[in-house]
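A.B. asks: Sharing run21.txt, compact mmCIF, C-alpha atoms:
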```
# COMPACT_ATOMS: atom_id res chain seq x y z
CA MET A 1 -17.22 52.16 15.09
CA ASN A 2 -20.73 51.15 16.13
CA HIS A 3 -21.51 48.80 18.97
CA ALA A 4 -23.15 46.26 16.68
CA ILE A 5 -19.88 45.40 14.91
CA ILE A 6 -18.05 45.03 18.25
CA ILE A 7 -20.79 42.67 19.49
CA HIS A 8 -20.62 40.78 16.18
CA TYR A 9 -16.84 40.32 16.36
CA THR A 10 -16.93 39.29 20.04
CA LEU A 11 -19.73 36.77 19.54
CA TYR A 12 -18.15 35.42 16.34
CA LEU A 13 -14.74 34.87 17.94
CA ALA A 14 -16.21 33.33 21.10
CA LEU A 15 -18.51 30.94 19.24
CA ALA A 16 -16.00 29.97 16.54
CA LEU A 17 -13.20 29.34 19.05
CA CYS A 18 -15.49 27.32 21.35
CA MET A 19 -16.62 25.25 18.38
CA THR A 20 -12.99 24.62 17.29
CA PHE A 21 -12.06 23.64 20.84
CA TRP A 22 -15.01 21.19 21.08
CA VAL A 23 -14.25 19.52 17.71
CA ALA A 24 -10.52 19.28 18.53
CA ARG A 25 -11.30 17.69 21.92
CA THR A 26 -13.63 15.15 20.26
CA LEU A 27 -10.97 14.33 17.68
CA HIS A 28 -8.28 14.03 20.35
CA LYS A 29 -10.38 11.81 22.63
CA ASN A 30 -11.84 9.44 20.00
CA GLY A 31 -8.96 9.41 17.49
CA ARG A 32 -6.52 7.89 19.99
CA VAL A 33 -8.00 4.38 19.67
CA PHE A 34 -7.43 4.43 15.88
CA LEU A 35 -3.86 5.64 16.28
CA VAL A 36 -2.97 3.04 18.94
CA GLU A 37 -4.11 0.33 16.50
CA CYS A 38 -2.21 1.97 13.61
CA PHE A 39 1.02 1.96 15.63
CA HIS A 40 0.61 -1.66 16.81
CA GLY A 41 -0.18 -0.75 20.42
CA ASP A 42 2.65 1.79 20.81
CA THR A 43 0.72 4.25 23.00
CA HIS A 44 3.62 6.75 23.30
CA LEU A 45 3.86 7.16 19.54
CA ALA A 46 0.05 7.23 19.18
CA ASP A 47 -0.26 9.97 21.84
CA SER A 48 2.48 11.98 20.20
CA VAL A 49 0.90 11.77 16.71
CA ASN A 50 -2.53 12.50 18.22
CA HIS A 51 -1.21 15.65 19.87
CA LEU A 52 0.51 16.80 16.68
CA LEU A 53 -2.67 16.23 14.66
CA VAL A 54 -4.70 18.30 17.13
CA VAL A 55 -2.12 21.11 17.05
CA GLY A 56 -2.33 21.15 13.24
CA PHE A 57 -6.12 21.17 13.46
CA TYR A 58 -6.07 24.17 15.85
CA LEU A 59 -3.62 26.11 13.68
CA VAL A 60 -5.56 25.62 10.43
CA ASN A 61 -8.94 26.39 11.98
CA ILE A 62 -7.92 29.38 14.09
CA GLY A 63 -6.06 30.74 11.06
CA PHE A 64 -9.20 30.42 8.97
CA ILE A 65 -11.38 31.98 11.71
CA CYS A 66 -9.04 34.99 11.95
CA LEU A 67 -8.96 35.51 8.17
CA PHE A 68 -12.73 35.17 7.97
CA LEU A 69 -13.40 37.67 10.79
CA ARG A 70 -13.81 40.83 8.70
CA ALA A 71 -17.45 41.83 8.12
CA ALA A 72 -17.95 42.91 4.51
CA GLY A 73 -20.84 45.37 4.92
CA GLU A 74 -22.30 47.58 7.62
CA VAL A 75 -23.83 45.81 10.62
CA ASP A 76 -26.98 47.57 11.86
CA GLY A 77 -28.88 46.57 14.97
CA ALA A 78 -29.57 43.18 16.51
CA ARG A 79 -30.95 41.76 13.24
CA GLY A 80 -27.77 42.63 11.36
CA VAL A 81 -25.59 41.09 14.05
CA PHE A 82 -27.52 37.82 14.03
CA GLU A 83 -27.66 37.56 10.23
CA MET A 84 -23.96 38.24 9.80
CA LEU A 85 -23.07 35.94 12.70
CA SER A 86 -25.22 33.15 11.35
CA GLY A 87 -23.62 33.37 7.90
CA LYS A 88 -20.08 33.42 9.31
CA MET A 89 -20.71 30.59 11.79
CA GLY A 90 -22.31 28.48 9.05
CA VAL A 91 -19.17 28.71 6.92
CA VAL A 92 -16.88 28.09 9.93
CA MET A 93 -18.89 24.98 10.88
CA LEU A 94 -18.78 23.64 7.32
CA VAL A 95 -15.00 24.14 7.24
CA LEU A 96 -14.66 22.45 10.66
CA GLY A 97 -16.82 19.56 9.44
CA ALA A 98 -14.73 19.16 6.29
CA MET A 99 -11.50 19.21 8.35
CA HIS A 100 -12.97 16.69 10.78
CA PHE A 101 -13.96 14.29 7.97
CA MET A 102 -10.54 14.69 6.37
CA ASN A 103 -8.92 13.72 9.68
CA LEU A 104 -11.25 10.73 9.98
CA LEU A 105 -10.40 9.65 6.44
CA LEU A 106 -6.70 9.94 7.24
CA LEU A 107 -7.06 7.88 10.42
CA ALA A 108 -9.17 5.23 8.64
CA ARG A 109 -6.57 4.95 5.86
CA MET A 110 -3.73 4.61 8.39
CA ARG A 111 -5.72 1.93 10.24
CA ARG A 112 -6.39 0.03 7.00
CA ARG A 113 -2.69 0.10 6.08
CA ALA A 114 -1.68 -1.10 9.55
CA ARG A 115 -4.22 -3.95 9.35
CA LEU A 116 -2.97 -4.99 5.91
CA ALA A 117 0.67 -4.99 7.11
CA ALA A 118 -0.25 -7.38 9.95
CA MET A 119 -2.59 -9.53 7.83
CA PRO A 120 -1.81 -13.29 7.95
CA PRO A 121 -1.73 -15.32 4.68
CA PRO A 122 -5.31 -15.34 3.34
CA VAL A 123 -5.16 -18.92 1.96
CA PRO A 124 -4.18 -22.10 3.84
CA PRO A 125 -1.08 -23.94 2.56
CA VAL A 126 -1.43 -27.22 0.65
CA LEU A 127 1.29 -28.80 2.81
CA ARG A 128 3.82 -28.00 5.51
CA VAL A 129 7.44 -29.06 5.53
CA SER A 130 10.00 -28.66 8.27
CA ALA A 131 11.62 -25.25 7.88
CA MET B 1 7.57 -15.25 7.71
CA HIS B 2 10.37 -13.29 6.05
CA THR B 3 11.00 -14.94 2.68
CA LEU B 4 8.87 -16.54 -0.01
CA THR B 5 10.68 -18.81 -2.47
CA ILE B 6 8.84 -19.06 -5.77
CA PHE B 7 9.57 -22.10 -7.96
CA TYR B 8 8.77 -20.89 -11.46
CA ASP B 9 9.23 -22.10 -15.02
CA ALA B 10 12.34 -20.30 -16.34
CA ARG B 11 11.57 -21.55 -19.89
CA CYS B 12 8.22 -19.72 -19.92
CA GLY B 13 8.28 -16.10 -21.14
CA LEU B 14 5.12 -15.12 -19.28
CA CYS B 15 6.44 -16.54 -15.97
CA SER B 16 9.77 -14.74 -16.47
CA GLN B 17 8.00 -11.41 -17.16
CA VAL B 18 5.83 -11.88 -14.06
CA ARG B 19 9.01 -12.59 -12.09
CA HIS B 20 10.54 -9.28 -13.23
CA TRP B 21 7.33 -7.44 -12.38
CA LEU B 22 7.09 -9.01 -8.92
CA LEU B 23 10.73 -8.17 -8.16
CA ALA B 24 10.14 -4.52 -9.13
CA GLN B 25 7.27 -4.11 -6.64
CA PRO B 26 7.74 -2.95 -3.04
CA ALA B 27 7.11 -6.01 -0.86
CA HIS B 28 6.37 -6.90 2.77
CA VAL B 29 8.54 -10.05 2.56
CA ARG B 30 11.61 -10.96 0.50
CA LEU B 31 10.85 -12.77 -2.76
CA GLU B 32 13.29 -15.33 -4.11
CA PHE B 33 12.87 -17.06 -7.48
CA LEU B 34 14.25 -20.45 -8.45
CA PRO B 35 13.60 -22.45 -11.65
CA TYR B 36 11.49 -25.43 -10.51
CA ASP B 37 13.83 -27.92 -12.25
CA SER B 38 17.07 -26.56 -10.76
CA PRO B 39 19.15 -28.63 -8.29
CA GLU B 40 18.83 -25.77 -5.77
CA ALA B 41 15.01 -26.01 -5.96
CA ALA B 42 15.16 -29.79 -5.30
CA ARG B 43 17.45 -29.12 -2.34
CA ARG B 44 15.16 -26.46 -0.87
CA LEU B 45 11.96 -28.48 -1.28
CA PRO B 46 12.71 -32.20 -1.71
CA GLY B 47 9.06 -33.05 -2.41
CA LEU B 48 8.86 -30.60 -5.30
CA ARG B 49 8.79 -33.22 -8.08
CA HIS B 50 5.75 -34.89 -6.49
CA LEU B 51 3.90 -31.56 -6.60
CA ARG B 52 4.18 -31.37 -10.42
CA ALA B 53 5.66 -27.88 -10.34
CA ASP B 54 5.89 -28.02 -14.16
CA ARG B 55 2.10 -27.65 -14.26
CA GLU B 56 1.49 -25.01 -11.61
CA ILE B 57 3.66 -22.56 -9.71
CA VAL B 58 4.78 -23.55 -6.19
CA VAL B 59 5.57 -21.13 -3.37
CA LEU B 60 7.53 -22.08 -0.24
CA ALA B 61 7.65 -19.89 2.87
CA ASP B 62 10.71 -19.90 5.13
CA SER B 63 8.34 -21.08 7.88
CA GLY B 64 7.70 -24.31 5.91
CA GLU B 65 4.26 -23.69 4.38
CA VAL B 66 3.78 -24.60 0.71
CA TRP B 67 1.15 -23.20 -1.67
CA GLN B 68 0.43 -24.19 -5.25
CA GLY B 69 -1.65 -22.84 -8.14
CA ALA B 70 -4.19 -20.11 -7.32
CA GLY B 71 -3.12 -20.13 -3.65
CA ALA B 72 0.49 -19.55 -4.70
CA TRP B 73 -0.49 -16.56 -6.87
CA ILE B 74 -2.58 -15.14 -4.04
CA MET B 75 0.49 -15.48 -1.80
CA CYS B 76 2.57 -13.55 -4.36
CA LEU B 77 0.00 -10.73 -4.22
CA TRP B 78 -0.04 -10.97 -0.41
CA ALA B 79 3.71 -10.37 -0.37
CA LEU B 80 3.37 -7.06 -2.24
CA ARG B 81 2.66 -3.83 -0.39
CA GLU B 82 0.33 -2.37 -3.01
CA TYR B 83 -1.59 -5.58 -3.75
CA ARG B 84 -2.14 -7.19 -0.34
CA SER B 85 -5.76 -6.01 -0.26
CA TRP B 86 -6.26 -7.78 -3.63
CA SER B 87 -5.01 -11.05 -2.11
CA ALA B 88 -7.74 -10.81 0.55
CA ARG B 89 -10.38 -10.09 -2.12
CA LEU B 90 -9.31 -13.01 -4.33
CA ALA B 91 -9.10 -15.37 -1.34
CA ALA B 92 -12.78 -14.72 -0.48
CA PRO B 93 -14.94 -17.86 -1.06
CA ALA B 94 -16.95 -16.13 -3.81
CA MET B 95 -13.79 -15.33 -5.81
CA GLN B 96 -11.72 -18.45 -5.15
CA ALA B 97 -13.36 -20.68 -7.77
CA ALA B 98 -13.03 -18.02 -10.48
CA ALA B 99 -9.40 -17.28 -9.50
CA ARG B 100 -8.56 -21.00 -9.63
CA ARG B 101 -10.11 -21.38 -13.11
CA VAL B 102 -8.25 -18.33 -14.47
CA VAL B 103 -4.91 -19.47 -12.99
CA GLU B 104 -5.36 -23.02 -14.30
CA TRP B 105 -6.18 -21.71 -17.78
CA ILE B 106 -3.14 -19.41 -17.81
CA SER B 107 -0.87 -22.19 -16.50
CA CYS B 108 -2.06 -24.60 -19.23
CA HIS B 109 -1.63 -22.03 -22.01
CA ARG B 110 1.45 -20.19 -20.70
CA VAL B 111 3.76 -21.32 -23.49
CA GLY B 112 1.30 -20.32 -26.21
CA LEU B 113 0.58 -17.02 -24.48
CA SER B 114 4.30 -16.27 -24.17
CA ARG B 115 4.76 -16.96 -27.89
CA LEU B 116 1.72 -14.83 -28.78
CA LEU B 117 2.91 -11.90 -26.66
CA ARG B 118 6.54 -12.43 -27.79
CA MET B 119 7.80 -12.64 -24.23
CA LYS B 120 11.37 -13.84 -23.82
CA SER B 121 11.97 -16.34 -21.04
CA ASP B 122 14.92 -16.21 -18.65
CA ALA B 123 16.25 -19.43 -20.25
CA ASP B 124 16.10 -17.80 -23.74
CA LEU B 125 17.99 -14.76 -22.51
CA LEU B 126 20.62 -16.92 -20.83
CA SER B 127 21.19 -19.05 -23.93
CA ALA B 128 21.30 -15.93 -26.13
CA ALA B 129 23.92 -14.41 -23.82
CA ALA B 130 25.96 -17.66 -23.92
CA GLN B 131 25.89 -17.79 -27.75
CA ALA B 132 26.80 -14.12 -28.28
CA PRO B 133 30.34 -13.72 -29.62
CA GLU B 134 32.75 -12.22 -27.15
CA ALA B 135 33.19 -8.51 -27.57
CA PRO B 136 36.60 -7.65 -29.02
CA ALA B 137 39.03 -6.24 -26.55
CA CYS B 138 39.47 -2.53 -26.94
CA ALA B 139 42.74 -1.75 -28.65
CA VAL B 140 43.58 1.58 -27.18
CA ARG B 141 46.57 3.13 -28.76
CA HIS B 142 48.56 5.08 -26.30
CA ASP B 143 50.00 8.37 -27.45
CA LEU B 144 53.45 7.09 -26.60
CA ASP B 145 53.01 4.22 -29.17
CA LEU B 146 52.96 6.80 -31.93
CA ILE B 147 56.35 8.14 -30.97
CA ASP B 148 59.10 6.14 -32.61
```
Here is the file; what I need is its structure written in the form of structure tokens.
C.D. replies:
Amino acid sequence: MNHAIIIHYTLYLALALCMTFWVARTLHKNGRVFLVECFHGDTHLADSVNHLLVVGFYLVNIGFICLFLRAAGEVDGARGVFEMLSGKMGVVMLVLGAMHFMNLLLLARMRRRARLAAMPPPVPPVLRVSA
Amino acid sequence: MHTLTIFYDARCGLCSQVRHWLLAQPAHVRLEFLPYDSPEAARRLPGLRHLRADREIVVLADSGEVWQGAGAWIMCLWALREYRSWSARLAAPAMQAAARRVVEWISCHRVGLSRLLRMKSDADLLSAAAQAPEAPACAVRHDLDLID
């Protein structure tokens, strides 16, 4: 096995895992506010769901990164390493982006549903009687 | 607010069909239907006859608020899980005038529309059930009857 492929694999794993970690941290930190609102201020439940979402995110992304590790052709020299790495990282980032937007969509939908459930009557009554 | 009582026209086919549809939908609050001219309706909302409930639907919340016409229909949508967002859209100032016109037109022509669409009202179904001859009692012959 040549050194180029070892360098490629090491760089790919390091970069892809760092990127996953950064996106997951961003999601964890900024998604909490949405979840607290979705669960009507229940911070315990929001933290729990937030943690579970991040675990799912890690599992799916690290799984994809591992499956996508194998280099198809021969890697020769520094140019080969960079070209292969760039192609792989591009796909990994697109997948991370898609996962991130899917999570955002999910959070926005949950927030919308929670807001609708707590929505007061949209029209004023014509009269009030003693209940 | 936990319950909405809807005073509807039980002699109108369209209103009765809408009642069945509303009851089949998943809802945020309990929906209860009463014919507007029933004694129970007069007991629940003593001022009902002054509201002219025969012209437009009236909705009473258990917290004492009363809505009529377009507002009452919007409240029916508000009560449903899948249609609450529609109630907010129709309650917007730009949509309110159009919603009121459509509801008023349907209320005025509900009897004709029911006849056109061949919709049976709850009152029709009740009277048909009352007039139906009683089903004959089943004469089951026991095996032992055959042994003499």
A.B. asks: Leaving out segment 18-34 of chain B and any residue of its chain fewer than 6 positions from it, which residues lie within 10 Å of it when counting all atoms listed in the file, given as a list in words?
C.D. replies: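 Near neighbours after the sequence-gap exclusion: Ala117 and Ala118 of chain A; Met1, His2, Thr3, Leu4, Thr5, Ile6, Phe7, Tyr8, Asp9, Ala10, Glu40, Ala41, Ala42, Arg44, Val59, Leu60, Ala61, Cys76, Leu77, Trp78, Ala79, Leu80, Arg81, Glu82, Tyr83, Arg84 and Asp122 of chain B.
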A.B. asks: Keeping C-alpha atoms for every residue in the selection just given, could you write it to a file as a PDB file, keeping the file's coordinate frame?
C.D. replies:
```
ATOM      1  CA  ALA A 117       0.670  -4.990   7.110  1.00  0.00           C
ATOM      2  CA  ALA A 118      -0.250  -7.380   9.950  1.00  0.00           C
TER       3      ALA A 118
ATOM      4  CA  MET B   1       7.570 -15.250   7.710  1.00  0.00           C
ATOM      5  CA  HIS B   2      10.370 -13.290   6.050  1.00  0.00           C
ATOM      6  CA  THR B   3      11.000 -14.940   2.680  1.00  0.00           C
ATOM      7  CA  LEU B   4       8.870 -16.540  -0.010  1.00  0.00           C
ATOM      8  CA  THR B   5      10.680 -18.810  -2.470  1.00  0.00           C
ATOM      9  CA  ILE B   6       8.840 -19.060  -5.770  1.00  0.00           C
ATOM     10  CA  PHE B   7       9.570 -22.100  -7.960  1.00  0.00           C
ATOM     11  CA  TYR B   8       8.770 -20.890 -11.460  1.00  0.00           C
ATOM     12  CA  ASP B   9       9.230 -22.100 -15.020  1.00  0.00           C
ATOM     13  CA  ALA B  10      12.340 -20.300 -16.340  1.00  0.00           C
ATOM     14  CA  GLU B  40      18.830 -25.770  -5.770  1.00  0.00           C
ATOM     15  CA  ALA B  41      15.010 -26.010  -5.960  1.00  0.00           C
ATOM     16  CA  ALA B  42      15.160 -29.790  -5.300  1.00  0.00           C
ATOM     17  CA  ARG B  44      15.160 -26.460  -0.870  1.00  0.00           C
ATOM     18  CA  VAL B  59       5.570 -21.130  -3.370  1.00  0.00           C
ATOM     19  CA  LEU B  60       7.530 -22.080  -0.240  1.00  0.00           C
ATOM     20  CA  ALA B  61       7.650 -19.890   2.870  1.00  0.00           C
ATOM     21  CA  CYS B  76       2.570 -13.550  -4.360  1.00  0.00           C
ATOM     22  CA  LEU B  77       0.000 -10.730  -4.220  1.00  0.00           C
ATOM     23  CA  TRP B  78      -0.040 -10.970  -0.410  1.00  0.00           C
ATOM     24  CA  ALA B  79       3.710 -10.370  -0.370  1.00  0.00           C
ATOM     25  CA  LEU B  80       3.370  -7.060  -2.240  1.00  0.00           C
ATOM     26  CA  ARG B  81       2.660  -3.830  -0.390  1.00  0.00           C
ATOM     27  CA  GLU B  82       0.330  -2.370  -3.010  1.00  0.00           C
ATOM     28  CA  TYR B  83      -1.590  -5.580  -3.750  1.00  0.00           C
ATOM     29  CA  ARG B  84      -2.140  -7.190  -0.340  1.00  0.00           C
ATOM     30  CA  ASP B 122      14.920 -16.210 -18.650  1.00  0.00           C
TER      31      ASP B 122
END
```
A.B. asks: Calculate, to one decimal in Å, the centre and edge lengths of the box along x, y and z of the file that holds all listed atoms of segment 63-69 of chain B with 3 Å of margin on each side, and present them as JSON.
C.D. replies:
```
{"center_x": 3.3, "center_y": -22.8, "center_z": -0.1, "size_x": 16.0, "size_y": 9.5, "size_z": 22.0}
```
A.B. asks: Using all atoms listed in the file, find which residues of chain B lie within 6 Å of chain A and jot them down as a PyMOL selection string.
C.D. replies: chain B and resi 63-67+88
A.B. asks: Could you please determine the separation between atom CA of Thr20 of chain A and atom CA of Gly56 of chain A in Å, to one decimal place?
C.D. replies: 11.9 Å
A.B. asks: Excluding segment 109-121 of chain B and its own-chain neighbours fewer than 4 positions away, which residues fall within 6 Å of it when counting all atoms listed in the file? Please give them as a ChimeraX atom specification.
C.D. replies: /B:11-14,16
A.B. asks: Kindly extract all protein, DNA and RNA residues lying within 12 Å of the coordinates (-30.5, 42.7, 19.2) given in the file, considering all atoms listed in the file, and supply them as a list in words.
C.D. replies: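 Here is the list of nearby residues: His3, Ala4, Ile5, Ile7, His8, Val75, Asp76, Gly77, Ala78, Arg79, Gly80, Val81, Phe82, Glu83 and Leu85 of chain A.
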A.B. asks: Atom CA of Ile6 of chain A and atom CA of Arg25 of chain A, how far apart in Å?
C.D. replies: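 Computing the Euclidean distance for atom CA of Arg25 of chain A and atom CA of Ile6 of chain A yields 28.4 Å.
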A.B. asks: List the neighbours of segment 59-66 of chain A out to 12 Å using all atoms listed in the file; skip same-chain residues closer than 6 positions along the sequence, and give me the result as JSON, numbers by chain.
C.D. replies: {"A": [9, 12, 13, 14, 15, 16, 17, 18, 19, 20, 21, 23, 24, 52, 53, 88, 89, 90, 91, 92, 93, 94, 95, 96, 97, 98, 99, 100]}
